[in-house]
file final_27.txt (compact mmCIF, C-alpha atoms)
# COMPACT_ATOMS: atom_id res chain seq x y z
CA MET A 258 73.70 -17.10 123.65
CA ASN A 259 72.25 -15.98 127.00
CA LYS A 260 74.01 -12.82 128.14
CA ARG A 261 73.89 -11.43 131.68
CA ILE A 262 73.28 -7.67 131.59
CA VAL A 263 73.42 -5.78 134.88
CA ILE A 264 71.95 -2.30 135.25
CA VAL A 265 73.56 -0.60 138.25
CA GLY A 266 71.11 2.06 139.34
CA GLY A 267 68.46 0.04 137.53
CA GLY A 268 65.66 1.44 139.68
CA SER A 269 65.81 4.68 137.70
CA SER A 270 62.45 5.47 136.10
CA GLY A 271 64.24 7.89 133.78
CA TRP A 272 66.77 5.46 132.30
CA SER A 273 65.74 1.85 132.79
CA PRO A 274 62.42 1.70 130.88
CA LYS A 275 64.07 3.17 127.78
CA LEU A 276 67.15 0.97 128.09
CA LEU A 277 65.13 -2.20 128.57
CA SER A 278 62.90 -1.32 125.61
CA ASP A 279 65.90 -0.85 123.32
CA LEU A 280 67.67 -3.95 124.59
CA PHE A 281 64.60 -6.18 124.28
CA LEU A 282 64.23 -5.10 120.66
CA THR A 283 67.84 -6.03 119.88
CA PRO A 284 67.55 -9.59 118.51
CA ALA A 285 70.85 -10.82 119.97
CA LEU A 286 69.77 -9.66 123.44
CA SER A 287 66.08 -10.56 123.44
CA GLU A 288 66.72 -13.76 125.44
CA ALA A 289 69.25 -12.25 127.85
CA THR A 290 69.09 -12.14 131.64
CA TYR A 291 68.64 -8.59 132.93
CA VAL A 292 69.65 -7.89 136.52
CA ILE A 293 68.27 -4.75 138.16
CA HIS A 294 70.53 -3.56 140.99
CA ASP A 295 69.60 -0.48 142.99
CA LEU A 296 69.93 0.72 146.58
CA ASN A 297 66.25 1.66 146.41
CA THR A 298 64.68 -1.78 146.47
CA ALA A 299 61.15 -0.51 145.93
CA ASN A 300 62.15 1.30 142.74
CA ALA A 301 64.10 -1.75 141.57
CA GLU A 302 61.07 -3.97 142.08
CA ARG A 303 58.90 -1.53 140.13
CA ILE A 304 61.30 -1.62 137.18
CA CYS A 305 61.40 -5.43 137.35
CA ARG A 306 57.62 -5.59 137.09
CA PHE A 307 57.74 -3.21 134.14
CA GLY A 308 60.46 -5.30 132.45
CA LYS A 309 58.56 -8.55 132.88
CA LYS A 310 55.35 -7.02 131.54
CA LEU A 311 57.15 -5.47 128.55
CA ALA A 312 58.96 -8.73 127.72
CA ALA A 313 55.68 -10.62 127.84
CA GLU A 314 53.90 -8.11 125.59
CA LEU A 315 56.76 -8.21 123.08
CA GLY A 316 56.90 -12.00 123.19
CA MET A 317 60.54 -11.94 124.31
CA GLY A 318 62.21 -14.62 126.39
CA ALA A 319 64.16 -12.17 128.54
CA THR A 320 64.64 -12.98 132.22
CA ILE A 321 64.36 -10.08 134.70
CA GLU A 322 65.94 -10.29 138.15
CA ASN A 323 65.92 -7.89 141.10
CA GLN A 324 69.19 -8.26 143.01
CA GLY A 325 69.98 -5.86 145.83
CA ASP A 326 73.36 -7.40 146.71
CA ALA A 327 76.08 -5.81 144.55
CA ASP A 328 78.35 -8.85 144.44
CA ARG A 329 75.56 -11.24 143.52
CA ALA A 330 74.29 -8.84 140.88
CA LEU A 331 77.67 -8.42 139.18
CA GLU A 332 78.90 -12.00 139.37
CA GLY A 333 79.37 -13.39 135.86
CA ALA A 334 78.08 -10.26 134.12
CA ASP A 335 78.75 -9.85 130.41
CA PHE A 336 77.69 -6.19 130.35
CA VAL A 337 77.43 -3.66 133.17
CA LEU A 338 75.41 -0.49 132.54
CA VAL A 339 75.88 2.31 135.08
CA THR A 340 73.06 4.84 135.58
CA ILE A 341 73.57 6.01 139.15
CA SER A 342 73.57 9.38 140.89
CA THR A 343 75.43 9.28 144.19
CA GLY A 344 73.54 11.45 146.64
CA GLY A 345 70.46 11.66 144.43
CA LEU A 346 68.61 14.77 143.35
CA ALA A 347 69.04 16.40 146.76
CA ALA A 348 72.82 16.45 146.34
CA MET A 349 72.55 17.66 142.75
CA GLY A 350 70.47 20.58 144.01
CA HIS A 351 73.50 21.81 145.96
CA ASP A 352 75.60 21.58 142.76
CA LEU A 353 73.38 24.31 141.32
CA ALA A 354 72.42 26.35 144.38
CA ILE A 355 75.85 26.84 145.99
CA PRO A 356 77.62 28.11 142.83
CA GLU A 357 74.70 30.48 142.23
CA GLU A 358 75.44 32.15 145.57
CA TYR A 359 78.78 33.19 144.02
CA GLY A 360 77.37 34.26 140.67
CA ILE A 361 78.08 31.02 138.81
CA TYR A 362 74.99 29.78 136.95
CA HIS A 363 74.91 26.31 135.42
CA THR A 364 72.50 25.25 132.73
CA VAL A 365 73.76 21.72 133.28
CA GLY A 366 75.54 21.47 136.63
CA ASP A 367 76.80 17.90 136.31
CA THR A 368 79.67 18.16 133.82
CA VAL A 369 82.01 21.15 134.33
CA GLY A 370 82.55 23.99 136.77
CA PRO A 371 82.03 23.68 140.52
CA GLY A 372 78.86 21.62 140.08
CA GLY A 373 80.58 19.06 137.88
CA TRP A 374 83.60 19.01 140.17
CA ALA A 375 81.40 18.29 143.20
CA ARG A 376 79.46 15.56 141.44
CA ALA A 377 82.69 13.93 140.27
CA LEU A 378 84.01 13.89 143.85
CA ARG A 379 80.82 12.19 145.04
CA ASN A 380 80.86 9.57 142.32
CA VAL A 381 84.53 8.69 141.79
CA PRO A 382 84.92 6.56 144.99
CA VAL A 383 81.71 4.70 144.12
CA PHE A 384 82.93 4.06 140.58
CA ILE A 385 86.31 2.81 141.77
CA ASP A 386 84.55 0.38 144.09
CA LEU A 387 82.34 -0.76 141.19
CA ALA A 388 85.35 -1.29 138.89
CA GLU A 389 87.13 -3.33 141.55
CA ARG A 390 84.03 -5.51 141.97
CA VAL A 391 83.88 -6.05 138.20
CA ASN A 392 87.56 -7.04 138.19
CA ARG A 393 86.83 -9.65 140.83
CA LEU A 394 83.40 -10.91 139.83
CA ALA A 395 82.97 -10.28 136.10
CA PRO A 396 86.39 -10.41 134.41
CA LYS A 397 84.85 -10.62 130.92
CA ALA A 398 82.38 -7.75 131.31
CA VAL A 399 82.09 -4.65 129.15
CA ILE A 400 81.19 -1.53 131.19
CA LEU A 401 78.89 1.11 129.70
CA ASN A 402 78.64 4.37 131.66
CA TYR A 403 75.74 6.82 131.41
CA THR A 404 76.46 8.73 134.65
CA ASN A 405 77.73 12.32 134.56
CA PRO A 406 80.26 13.82 134.58
CA MET A 407 80.60 11.16 131.91
CA ALA A 408 84.18 11.78 130.76
CA GLN A 409 85.68 11.94 134.25
CA LEU A 410 83.79 8.91 135.58
CA THR A 411 84.50 6.83 132.50
CA LYS A 412 88.18 7.64 132.97
CA ALA A 413 87.97 6.60 136.63
CA LEU A 414 86.60 3.24 135.51
CA ALA A 415 89.24 2.87 132.80
CA LEU A 416 92.06 3.58 135.25
CA THR A 417 90.76 0.96 137.69
CA THR A 418 89.92 -1.93 135.38
CA ASP A 419 91.39 -3.41 132.23
CA ARG A 420 87.91 -4.27 130.99
CA PRO A 421 86.52 -2.35 127.98
CA VAL A 422 84.84 0.85 129.19
CA VAL A 423 82.58 3.06 127.08
CA GLY A 424 80.98 6.39 128.02
CA LEU A 425 77.65 7.07 126.32
CA CYS A 426 75.84 10.35 125.61
CA HIS A 427 72.73 10.89 123.49
CA GLY A 428 73.70 14.50 122.73
CA LEU A 429 75.72 13.50 119.67
CA PHE A 430 72.75 11.79 118.07
CA GLU A 431 70.41 14.64 118.96
CA ALA A 432 72.73 17.05 117.13
CA LEU A 433 72.59 14.84 114.03
CA ALA A 434 68.79 14.79 114.24
CA VAL A 435 68.70 18.61 114.34
CA LEU A 436 70.98 18.83 111.29
CA GLN A 437 68.82 16.31 109.46
CA ARG A 438 65.71 18.43 110.04
CA LEU A 439 67.43 21.73 109.22
CA LEU A 440 68.81 20.43 105.93
CA ASP A 441 65.73 18.39 104.92
CA LEU A 442 67.69 15.17 104.72
CA GLU A 443 65.86 11.88 104.35
CA ARG A 444 68.48 9.79 106.14
CA GLU A 445 70.92 10.41 108.98
CA ASP A 446 73.67 8.51 107.13
CA GLU A 447 73.81 11.37 104.61
CA ILE A 448 75.68 13.29 107.33
CA SER A 449 79.36 12.72 108.08
CA ALA A 450 80.49 14.51 111.26
CA VAL A 451 83.60 14.49 113.43
CA TYR A 452 83.02 15.48 117.06
CA GLY A 453 85.44 16.86 119.64
CA GLY A 454 85.09 17.97 123.27
CA ILE A 455 83.45 16.40 126.30
CA ASN A 456 79.94 15.41 127.27
CA HIS A 457 77.50 18.37 127.05
CA PHE A 458 80.31 20.53 125.60
CA PHE A 459 81.19 19.20 122.18
CA TRP A 460 81.96 20.70 118.79
CA ILE A 461 81.54 19.35 115.28
CA THR A 462 85.01 19.90 113.88
CA SER A 463 84.21 18.55 110.42
CA LEU A 464 80.84 18.30 108.69
CA ALA A 465 80.02 16.86 105.27
CA ILE A 466 76.60 16.38 103.67
CA ARG A 467 76.61 13.80 100.88
CA GLY A 468 80.34 14.51 100.53
CA GLU A 469 79.90 18.29 100.24
CA ASP A 470 80.85 21.08 102.67
CA GLY A 471 78.21 20.73 105.37
CA TYR A 472 79.02 23.98 107.17
CA ARG A 473 78.59 25.95 103.95
CA MET A 474 75.21 24.27 103.34
CA LEU A 475 74.18 24.99 106.95
CA ALA A 476 75.23 28.65 106.65
CA ASP A 477 73.27 29.04 103.43
CA ARG A 478 70.15 27.53 105.03
CA LEU A 479 70.39 29.71 108.15
CA ASP A 480 71.00 32.85 106.06
CA GLY A 481 67.89 32.06 104.09
call {"tool": "encode", "arguments": {"input": "final_27.txt", "output": "structure tokens"}}
result
Amino acid sequence: MNKRIVIVGGGSSGWSPKLLSDLFLTPALSEATYVIHDLNTANAERICRFGKKLAAELGMGATIENQGDADRALEGADFVLVTISTGGLAAMGHDLAIPEEYGIYHTVGDTVGPGGWARALRNVPVFIDLAERVNRLAPKAVILNYTNPMAQLTKALALTTDRPVVGLCHGLFEALAVLQRLLDLEREDEISAVYGGINHFFWITSLAIRGEDGYRMLADRLDG
């Protein structure tokens, strides 16, 4: 079945190549239509060329479209992936620099504290507008959000649309990969972990390794 997958902010050279690679290699999505929507038309066109070349090299039947009009891009979408940054890197620079003037230093200034607060304020109106467009143009779409502050912006989407909304963060999987290396595990599925917290600030509240106390095993390894 041909799905329509829209990447809002699809001109991103950081996100889109990786996303398209993963999606192309998913059998159920290898023949889908991928719509790249970005305010930066030159970047969007560059990603489209990359997507077409990658699909051809992989022998996939994916269709890649560059659509600068938001309504046309979203119309009939089955999935909407959001990877935007309202204001761009220049605005994010202020999220770090201004708090530093008052002695507040962020390692990641896009989730909590004054930097995260400022970024949320920039993005929330844009996300509400996006959710309202999805309500009108893609009533069956699932929305997947990668933009930070992930928890706040995913909630803004969820409060504005009745469509399924999911916030995604790779940090959870990176933590599992670290545990796998530390404990010399052959497979990630040997780990059972329960996470709590928010994006970039999470805790593993319960950890089991092959059914045994994972925290005790981790403590023993670190002590050694």
call {"tool": "closest_residue", "arguments": {"input": "final_27.txt", "among": "A:Asp295, A:Asp279, A:Glu288, A:Asp335", "to": "Gly267 of chain A", "atoms": "all atoms listed in the file"}}
result
A:Asp295
call {"tool": "residues_near_point", "arguments": {"input": "final_27.txt", "point": "(70.0, -7.9, 135.3)", "cutoff": "10 Å", "atoms": "only C-alpha atoms", "output": "mmCIF file with C-alpha atoms, keeping the file's coordinate frame"}}
result
data_model
loop_
_atom_site.group_PDB
_atom_site.id
_atom_site.type_symbol
_atom_site.label_atom_id
_atom_site.label_comp_id
_atom_site.auth_asym_id
_atom_site.auth_seq_id
_atom_site.Cartn_x
_atom_site.Cartn_y
_atom_site.Cartn_z
ATOM 1 C CA LYS A 260 74.010 -12.820 128.140
ATOM 2 C CA ARG A 261 73.890 -11.430 131.680
ATOM 3 C CA ILE A 262 73.280 -7.670 131.590
ATOM 4 C CA VAL A 263 73.420 -5.780 134.880
ATOM 5 C CA ILE A 264 71.950 -2.300 135.250
ATOM 6 C CA VAL A 265 73.560 -0.600 138.250
ATOM 7 C CA GLY A 267 68.460 0.040 137.530
ATOM 8 C CA ALA A 289 69.250 -12.250 127.850
ATOM 9 C CA THR A 290 69.090 -12.140 131.640
ATOM 10 C CA TYR A 291 68.640 -8.590 132.930
ATOM 11 C CA VAL A 292 69.650 -7.890 136.520
ATOM 12 C CA ILE A 293 68.270 -4.750 138.160
ATOM 13 C CA HIS A 294 70.530 -3.560 140.990
ATOM 14 C CA CYS A 305 61.400 -5.430 137.350
ATOM 15 C CA ALA A 319 64.160 -12.170 128.540
ATOM 16 C CA THR A 320 64.640 -12.980 132.220
ATOM 17 C CA ILE A 321 64.360 -10.080 134.700
ATOM 18 C CA GLU A 322 65.940 -10.290 138.150
ATOM 19 C CA ASN A 323 65.920 -7.890 141.100
ATOM 20 C CA GLN A 324 69.190 -8.260 143.010
ATOM 21 C CA ALA A 330 74.290 -8.840 140.880
ATOM 22 C CA LEU A 331 77.670 -8.420 139.180
ATOM 23 C CA ALA A 334 78.080 -10.260 134.120
ATOM 24 C CA PHE A 336 77.690 -6.190 130.350
ATOM 25 C CA VAL A 337 77.430 -3.660 133.170
ATOM 26 C CA LEU A 338 75.410 -0.490 132.540
#
call {"tool": "residues_around", "arguments": {"input": "final_27.txt", "residues": "segment 428-440 of chain A", "least_positions_apart": "2", "cutoff": "9 Å", "atoms": "all atoms listed in the file", "output": "list of chain:residue names"}}
result
A:Cys426, A:Leu442, A:Glu443, A:Arg444, A:Glu445, A:Glu447, A:Ile448, A:Ala450, A:Tyr452, A:Asn456, A:His457, A:Phe459, A:Met474, A:Leu475, A:Arg478, A:Leu479
call {"tool": "residues_around", "arguments": {"input": "final_27.txt", "residues": "Ala388 of chain A", "least_positions_apart": "5", "cutoff": "9 Å", "atoms": "all atoms listed in the file", "output": "ChimeraX atom specification"}}
result
/A:383,393,400,413-415,417-418,420
call {"tool": "residues_around", "arguments": {"input": "final_27.txt", "residues": "segment 407-411 of chain A", "least_positions_apart": "5", "cutoff": "10 Å", "atoms": "only C-alpha atoms", "output": "compact mmCIF listing (two decimals) with C-alpha atoms, in the coordinates of the input"}}
result
# COMPACT_ATOMS: atom_id res chain seq x y z
CA ASP A 367 76.80 17.90 136.31
CA THR A 368 79.67 18.16 133.82
CA VAL A 369 82.01 21.15 134.33
CA GLY A 373 80.58 19.06 137.88
CA TRP A 374 83.60 19.01 140.17
CA ARG A 376 79.46 15.56 141.44
CA ALA A 377 82.69 13.93 140.27
CA LEU A 378 84.01 13.89 143.85
CA ASN A 380 80.86 9.57 142.32
CA VAL A 381 84.53 8.69 141.79
CA PRO A 382 84.92 6.56 144.99
CA VAL A 383 81.71 4.70 144.12
CA PHE A 384 82.93 4.06 140.58
CA ILE A 385 86.31 2.81 141.77
CA ILE A 400 81.19 -1.53 131.19
CA LEU A 401 78.89 1.11 129.70
CA ASN A 402 78.64 4.37 131.66
CA LEU A 416 92.06 3.58 135.25
CA VAL A 422 84.84 0.85 129.19
CA VAL A 423 82.58 3.06 127.08
CA GLY A 424 80.98 6.39 128.02
CA LEU A 425 77.65 7.07 126.32
CA CYS A 426 75.84 10.35 125.61
CA GLY A 454 85.09 17.97 123.27
CA ILE A 455 83.45 16.40 126.30
CA ASN A 456 79.94 15.41 127.27
CA HIS A 457 77.50 18.37 127.05
call {"tool": "atom_distance", "arguments": {"input": "final_27.txt", "atom1": "atom CA of Glu314 of chain A", "atom2": "atom CA of Leu276 of chain A"}}
result
16.3 Å
call {"tool": "atom_distance", "arguments": {"input": "final_27.txt", "atom1": "atom CA of Ala312 of chain A", "atom2": "atom CA of Phe281 of chain A"}}
result
7.1 Å
call {"tool": "closest_residue", "arguments": {"input": "final_27.txt", "among": "A:Gly308, A:Gly468, A:Gly372, A:Gly360", "to": "Pro406 of chain A", "atoms": "only C-alpha atoms"}}
result
A:Gly372
call {"tool": "closest_residue", "arguments": {"input": "final_27.txt", "among": "A:Lys397, A:Ile304, A:Asp480, A:Gly350", "to": "Trp272 of chain A", "atoms": "all atoms listed in the file"}}
result
A:Ile304
call {"tool": "residues_around", "arguments": {"input": "final_27.txt", "residues": "Ser449 of chain A", "least_positions_apart": "5", "cutoff": "7 Å", "atoms": "only C-alpha atoms", "output": "JSON, numbers by chain"}}
result
{"A": [464, 465, 466]}
call {"tool": "write_last_selection", "arguments": {"input": "final_27.txt", "atoms": "C-alpha atoms", "output": "PDB file, in the coordinates of the input"}}
result
ATOM      1  CA  LEU A 464      80.840  18.300 108.690  1.00  0.00           C
ATOM      2  CA  ALA A 465      80.020  16.860 105.270  1.00  0.00           C
ATOM      3  CA  ILE A 466      76.600  16.380 103.670  1.00  0.00           C
TER       4      ILE A 466
END
call {"tool": "atom_distance", "arguments": {"input": "final_27.txt", "atom1": "atom CA of Val365 of chain A", "atom2": "atom CA of Ser269 of chain A"}}
result
19.3 Å
call {"tool": "residues_around", "arguments": {"input": "final_27.txt", "residues": "Pro356 of chain A", "least_positions_apart": "6", "cutoff": "10 Å", "atoms": "all atoms listed in the file", "output": "number ranges by chain"}}
result
A: 362-363, 366, 370-372
call {"tool": "closest_residue", "arguments": {"input": "final_27.txt", "among": "A:Ala354, A:Leu282, A:Val391, A:Ala398", "to": "Met317 of chain A", "atoms": "only C-alpha atoms"}}
result
A:Leu282
